[in-house]
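Remarks on the structure that follows.
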Amino acid sequence: MDRRHEILIAATKSFTLFGYKATTIEQVAKIANVGKGTIYTFFKNKEELFQEVVFHLIGEMKRETDQLIDANASFMQNAHTALMKMLQFRERHLLFAKLIEEETALGTPEVQQMLLKIESEIISYVSMRIRNGIAKGEVIECNPEHVAFLLFKSYLAFIVDWQLTHNEPLNEQEILTLFSETIFRGLAKKK
(Lines give C-alpha, C1' and ligand atoms only; values in the text may rest on other atoms or scores of the structure.)
Protein backbone atom coordinates (compact mmCIF):
# COMPACT_ATOMS: atom_id res chain seq x y z
CA MET A 1 0.00 0.00 0.00
CA ASP A 2 1.36 3.44 -0.83
CA ARG A 3 1.98 6.10 1.82
CA ARG A 4 -0.60 8.52 0.47
CA HIS A 5 -3.31 5.87 0.68
CA GLU A 6 -2.21 4.90 4.21
CA ILE A 7 -2.48 8.56 5.23
CA LEU A 8 -5.98 8.82 3.76
CA ILE A 9 -7.08 5.72 5.67
CA ALA A 10 -5.59 7.09 8.88
CA ALA A 11 -7.17 10.51 8.32
CA THR A 12 -10.57 8.89 7.74
CA LYS A 13 -10.20 7.01 11.03
CA SER A 14 -9.15 10.16 12.89
CA PHE A 15 -11.92 12.36 11.44
CA THR A 16 -14.43 9.58 12.22
CA LEU A 17 -13.27 9.21 15.82
CA PHE A 18 -12.58 12.81 16.74
CA GLY A 19 -14.34 14.94 14.15
CA TYR A 20 -12.72 17.59 12.01
CA LYS A 21 -12.05 20.17 14.70
CA ALA A 22 -10.35 17.79 17.15
CA THR A 23 -8.27 15.92 14.55
CA THR A 24 -4.65 16.99 14.31
CA ILE A 25 -1.97 16.17 11.76
CA GLU A 26 -0.03 14.60 14.66
CA GLN A 27 -2.91 12.16 15.31
CA VAL A 28 -3.13 11.24 11.65
CA ALA A 29 0.63 10.71 11.49
CA LYS A 30 0.52 8.47 14.55
CA ILE A 31 -2.35 6.36 13.18
CA ALA A 32 -0.63 6.11 9.76
CA ASN A 33 2.69 5.32 11.45
CA VAL A 34 4.47 8.06 9.50
CA GLY A 35 6.13 11.32 10.42
CA LYS A 36 4.26 14.62 10.16
CA GLY A 37 6.56 15.63 7.34
CA THR A 38 5.39 12.69 5.27
CA ILE A 39 1.81 13.96 5.49
CA TYR A 40 2.91 17.43 4.38
CA THR A 41 4.64 15.82 1.40
CA PHE A 42 1.21 14.82 0.10
CA PHE A 43 -1.13 17.39 1.67
CA LYS A 44 -0.62 21.10 2.22
CA ASN A 45 -2.65 21.20 5.46
CA LYS A 46 -5.46 19.56 7.44
CA GLU A 47 -8.13 21.22 5.28
CA GLU A 48 -6.69 19.73 2.08
CA LEU A 49 -6.41 16.31 3.73
CA PHE A 50 -10.02 16.54 4.93
CA GLN A 51 -11.20 17.56 1.47
CA GLU A 52 -9.40 14.59 -0.10
CA VAL A 53 -10.97 12.18 2.41
CA VAL A 54 -14.45 13.52 1.64
CA PHE A 55 -13.88 13.44 -2.15
CA HIS A 56 -12.74 9.82 -1.84
CA LEU A 57 -15.94 8.96 0.04
CA ILE A 58 -18.11 10.76 -2.54
CA GLY A 59 -16.41 8.74 -5.29
CA GLU A 60 -17.04 5.51 -3.38
CA MET A 61 -20.70 6.45 -2.94
CA LYS A 62 -21.11 7.11 -6.68
CA ARG A 63 -19.38 3.84 -7.62
CA GLU A 64 -21.62 1.83 -5.29
CA THR A 65 -24.71 3.54 -6.71
CA ASP A 66 -23.62 3.07 -10.33
CA GLN A 67 -23.32 -0.67 -9.72
CA LEU A 68 -27.03 -0.79 -8.82
CA ILE A 69 -28.30 0.97 -11.94
CA ASP A 70 -30.13 -1.52 -14.14
CA ALA A 71 -30.23 -0.68 -17.85
CA ASN A 72 -33.45 -2.70 -18.20
CA ALA A 73 -35.25 -0.96 -15.31
CA SER A 74 -37.34 2.15 -15.70
CA PHE A 75 -35.98 5.56 -14.82
CA MET A 76 -38.28 5.66 -11.79
CA GLN A 77 -37.01 2.33 -10.43
CA ASN A 78 -33.38 3.38 -10.95
CA ALA A 79 -33.97 6.83 -9.45
CA HIS A 80 -35.41 5.30 -6.31
CA THR A 81 -32.62 2.72 -6.07
CA ALA A 82 -29.93 5.37 -6.56
CA LEU A 83 -31.37 7.81 -4.02
CA MET A 84 -31.87 5.11 -1.39
CA LYS A 85 -28.32 3.81 -1.88
CA MET A 86 -26.79 7.28 -1.65
CA LEU A 87 -28.75 8.14 1.48
CA GLN A 88 -28.11 4.76 3.09
CA PHE A 89 -24.41 5.21 2.37
CA ARG A 90 -24.49 8.66 3.92
CA GLU A 91 -26.28 7.41 7.01
CA ARG A 92 -24.24 4.20 7.28
CA HIS A 93 -20.81 5.70 6.92
CA LEU A 94 -19.54 6.68 10.35
CA LEU A 95 -17.56 9.65 9.06
CA PHE A 96 -20.68 11.25 7.61
CA ALA A 97 -22.52 10.66 10.88
CA LYS A 98 -19.65 12.29 12.80
CA LEU A 99 -19.61 15.27 10.42
CA ILE A 100 -23.36 15.79 10.80
CA GLU A 101 -22.98 15.54 14.57
CA GLU A 102 -20.11 18.07 14.60
CA GLU A 103 -21.93 20.47 12.29
CA THR A 104 -25.01 20.35 14.52
CA ALA A 105 -23.10 20.71 17.79
CA LEU A 106 -20.28 23.07 16.82
CA GLY A 107 -21.17 24.54 13.45
CA THR A 108 -17.58 24.06 12.23
CA PRO A 109 -17.36 26.03 8.94
CA GLU A 110 -15.11 23.46 7.22
CA VAL A 111 -17.57 20.69 8.09
CA GLN A 112 -20.55 22.75 6.90
CA GLN A 113 -18.72 23.32 3.62
CA MET A 114 -18.00 19.59 3.15
CA LEU A 115 -21.58 18.57 3.97
CA LEU A 116 -22.78 21.07 1.37
CA LYS A 117 -20.30 19.57 -1.09
CA ILE A 118 -21.65 16.07 -0.42
CA GLU A 119 -25.22 17.30 -0.93
CA SER A 120 -24.19 19.12 -4.11
CA GLU A 121 -22.56 15.97 -5.51
CA ILE A 122 -25.65 13.88 -4.77
CA ILE A 123 -27.93 16.45 -6.41
CA SER A 124 -25.61 16.67 -9.41
CA TYR A 125 -25.60 12.88 -9.76
CA VAL A 126 -29.40 12.66 -9.55
CA SER A 127 -29.73 15.58 -12.03
CA MET A 128 -27.61 13.64 -14.52
CA ARG A 129 -29.88 10.61 -14.11
CA ILE A 130 -32.97 12.80 -14.63
CA ARG A 131 -31.44 14.25 -17.82
CA ASN A 132 -30.91 10.68 -19.02
CA GLY A 133 -34.57 9.91 -18.27
CA ILE A 134 -35.68 12.97 -20.25
CA ALA A 135 -33.45 11.95 -23.18
CA LYS A 136 -34.95 8.42 -23.15
CA GLY A 137 -38.47 9.87 -23.17
CA GLU A 138 -39.37 8.44 -19.73
CA VAL A 139 -39.44 11.76 -17.86
CA ILE A 140 -41.32 14.96 -18.67
CA GLU A 141 -39.40 18.08 -19.61
CA CYS A 142 -38.35 19.74 -16.35
CA ASN A 143 -35.44 21.44 -14.63
CA PRO A 144 -33.34 18.40 -13.59
CA GLU A 145 -31.49 20.26 -10.83
CA HIS A 146 -34.71 21.51 -9.20
CA VAL A 147 -36.28 18.06 -9.34
CA ALA A 148 -33.10 16.43 -8.00
CA PHE A 149 -33.08 18.89 -5.09
CA LEU A 150 -36.75 18.14 -4.37
CA LEU A 151 -36.15 14.38 -4.49
CA PHE A 152 -33.04 14.54 -2.34
CA LYS A 153 -34.57 16.75 0.35
CA SER A 154 -37.80 14.76 0.38
CA TYR A 155 -36.00 11.41 0.69
CA LEU A 156 -33.74 12.84 3.36
CA ALA A 157 -36.75 14.08 5.32
CA PHE A 158 -38.31 10.61 5.27
CA ILE A 159 -35.07 8.77 5.99
CA VAL A 160 -33.80 11.05 8.78
CA ASP A 161 -36.40 13.54 10.00
CA TRP A 162 -39.52 11.34 9.99
CA GLN A 163 -38.27 9.16 12.83
CA LEU A 164 -37.58 12.22 14.99
CA THR A 165 -41.31 12.96 15.28
CA HIS A 166 -42.83 9.51 14.74
CA ASN A 167 -42.50 6.26 16.66
CA GLU A 168 -41.27 4.16 13.76
CA PRO A 169 -39.17 4.93 10.70
CA LEU A 170 -40.75 4.35 7.30
CA ASN A 171 -39.38 1.31 5.52
CA GLU A 172 -38.02 1.43 1.98
CA GLN A 173 -41.22 0.04 0.44
CA GLU A 174 -43.41 2.66 2.16
CA ILE A 175 -41.17 5.43 0.86
CA LEU A 176 -41.11 3.92 -2.65
CA THR A 177 -44.91 3.68 -2.70
CA LEU A 178 -45.30 7.25 -1.47
CA PHE A 179 -42.91 8.64 -4.06
CA SER A 180 -44.24 6.42 -6.85
CA GLU A 181 -47.79 7.61 -6.24
CA THR A 182 -46.86 11.28 -5.97
CA ILE A 183 -43.59 12.74 -7.27
CA PHE A 184 -42.60 9.93 -9.66
CA ARG A 185 -46.11 9.78 -11.14
CA GLY A 186 -45.85 13.51 -11.87
CA LEU A 187 -42.43 13.06 -13.49
CA ALA A 188 -43.40 10.10 -15.67
CA LYS A 189 -44.02 10.97 -19.29
CA LYS A 190 -47.56 10.01 -20.28
CA LYS A 191 -47.61 7.40 -23.02
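Chain identifiers are assigned as A, B, and so on, following the order in which chains appear in the C-alpha coordinates; residues are numbered from 1 within each chain, and ligands are numbered from 1 in order of appearance.
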Tell me, as an MDAnalysis selection string, which residues lie within 9 Å of A:Lys21, counting only C-alpha atoms; anything in the same chain fewer than 2 positions away does not count.
chainID A and resid 15 18:19 23:24 102 106 108 110:111
Please extract the residues of stretch 15-189 of chain A with a backbone DSSP assignment of alpha helix (DSSP H) and present them as an MDAnalysis selection string.
chainID A and resid 15:22 25:32 36:42 46:68 75:92 94:106 109:135 144:156 162:165 172:179 185:187
Within 12 Å of stretch 67-81 of chain A, counting only C-alpha atoms, which residues show up once you throw out same-chain ones fewer than 5 positions away? Write them as a ChimeraX atom specification, please.
/A:60-62,86-88,122-123,125-140,147-148,151-152,154-155,172-189
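Interatomic distance, atom CA of A:Glu6 against atom CA of A:Leu116: 26.3 Å.
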Atom CA of A:Lys13 to atom CA of A:Phe42, straight-line distance in Å
17.6 Å
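With distances taken over only C-alpha atoms, A:Tyr20 is the one residue among A:Tyr20, A:Glu141, A:Gln27, A:Trp162 lying closest to A:Gln112.
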Find the spatial neighbours of A:Thr38, counting only C-alpha atoms, within a cut-off of 9 Å - ignore same-chain residues fewer than 5 positions away - and output them as a PyMOL selection string.
chain A and resi 3-4+7+29+43
For the selection you just gave me, I'd like the residues written to a file as an mmCIF file, in the first residue's frame, keeping all heavy atoms.
```
data_model
loop_
_atom_site.group_PDB
_atom_site.id
_atom_site.type_symbol
_atom_site.label_atom_id
_atom_site.label_comp_id
_atom_site.auth_asym_id
_atom_site.auth_seq_id
_atom_site.Cartn_x
_atom_site.Cartn_y
_atom_site.Cartn_z
ATOM 1 N N ARG A 3 2.054 5.192 0.660
ATOM 2 C CA ARG A 3 1.984 6.095 1.821
ATOM 3 C C ARG A 3 0.774 7.027 1.776
ATOM 4 O O ARG A 3 0.116 7.252 2.776
ATOM 5 C CB ARG A 3 3.265 6.940 1.910
ATOM 6 C CG ARG A 3 4.465 6.144 2.290
ATOM 7 C CD ARG A 3 4.632 6.244 3.787
ATOM 8 N NE ARG A 3 5.913 5.711 4.155
ATOM 9 C CZ ARG A 3 6.062 4.834 5.128
ATOM 10 N NH1 ARG A 3 5.037 4.419 5.810
ATOM 11 N NH2 ARG A 3 7.244 4.375 5.422
ATOM 12 N N ARG A 4 0.508 7.578 0.604
ATOM 13 C CA ARG A 4 -0.604 8.520 0.472
ATOM 14 C C ARG A 4 -1.916 7.836 0.859
ATOM 15 O O ARG A 4 -2.739 8.397 1.580
ATOM 16 C CB ARG A 4 -0.674 9.054 -0.960
ATOM 17 C CG ARG A 4 -1.683 10.160 -1.157
ATOM 18 C CD ARG A 4 -1.607 10.707 -2.608
ATOM 19 N NE ARG A 4 -2.293 11.954 -2.746
ATOM 20 C CZ ARG A 4 -3.615 12.091 -2.801
ATOM 21 N NH1 ARG A 4 -4.370 11.018 -2.720
ATOM 22 N NH2 ARG A 4 -4.171 13.272 -2.930
ATOM 23 N N ILE A 7 -2.143 7.296 4.556
ATOM 24 C CA ILE A 7 -2.476 8.556 5.233
ATOM 25 C C ILE A 7 -3.970 8.843 5.115
ATOM 26 O O ILE A 7 -4.614 9.252 6.091
ATOM 27 C CB ILE A 7 -1.626 9.719 4.667
ATOM 28 C CG1 ILE A 7 -0.148 9.520 5.052
ATOM 29 C CG2 ILE A 7 -2.149 11.075 5.142
ATOM 30 C CD1 ILE A 7 0.823 10.405 4.293
ATOM 31 N N ALA A 29 -0.712 11.272 11.677
ATOM 32 C CA ALA A 29 0.632 10.709 11.490
ATOM 33 C C ALA A 29 0.831 9.483 12.383
ATOM 34 O O ALA A 29 1.370 8.458 11.940
ATOM 35 C CB ALA A 29 1.690 11.762 11.788
ATOM 36 N N PHE A 43 -0.015 16.475 1.394
ATOM 37 C CA PHE A 43 -1.126 17.393 1.667
ATOM 38 C C PHE A 43 -0.599 18.677 2.293
ATOM 39 O O PHE A 43 0.182 18.624 3.238
ATOM 40 C CB PHE A 43 -2.158 16.739 2.592
ATOM 41 C CG PHE A 43 -2.669 15.436 2.050
ATOM 42 C CD1 PHE A 43 -2.137 14.234 2.488
ATOM 43 C CD2 PHE A 43 -3.672 15.409 1.087
ATOM 44 C CE1 PHE A 43 -2.584 13.027 1.988
ATOM 45 C CE2 PHE A 43 -4.124 14.209 0.576
ATOM 46 C CZ PHE A 43 -3.583 13.013 1.018
#
```
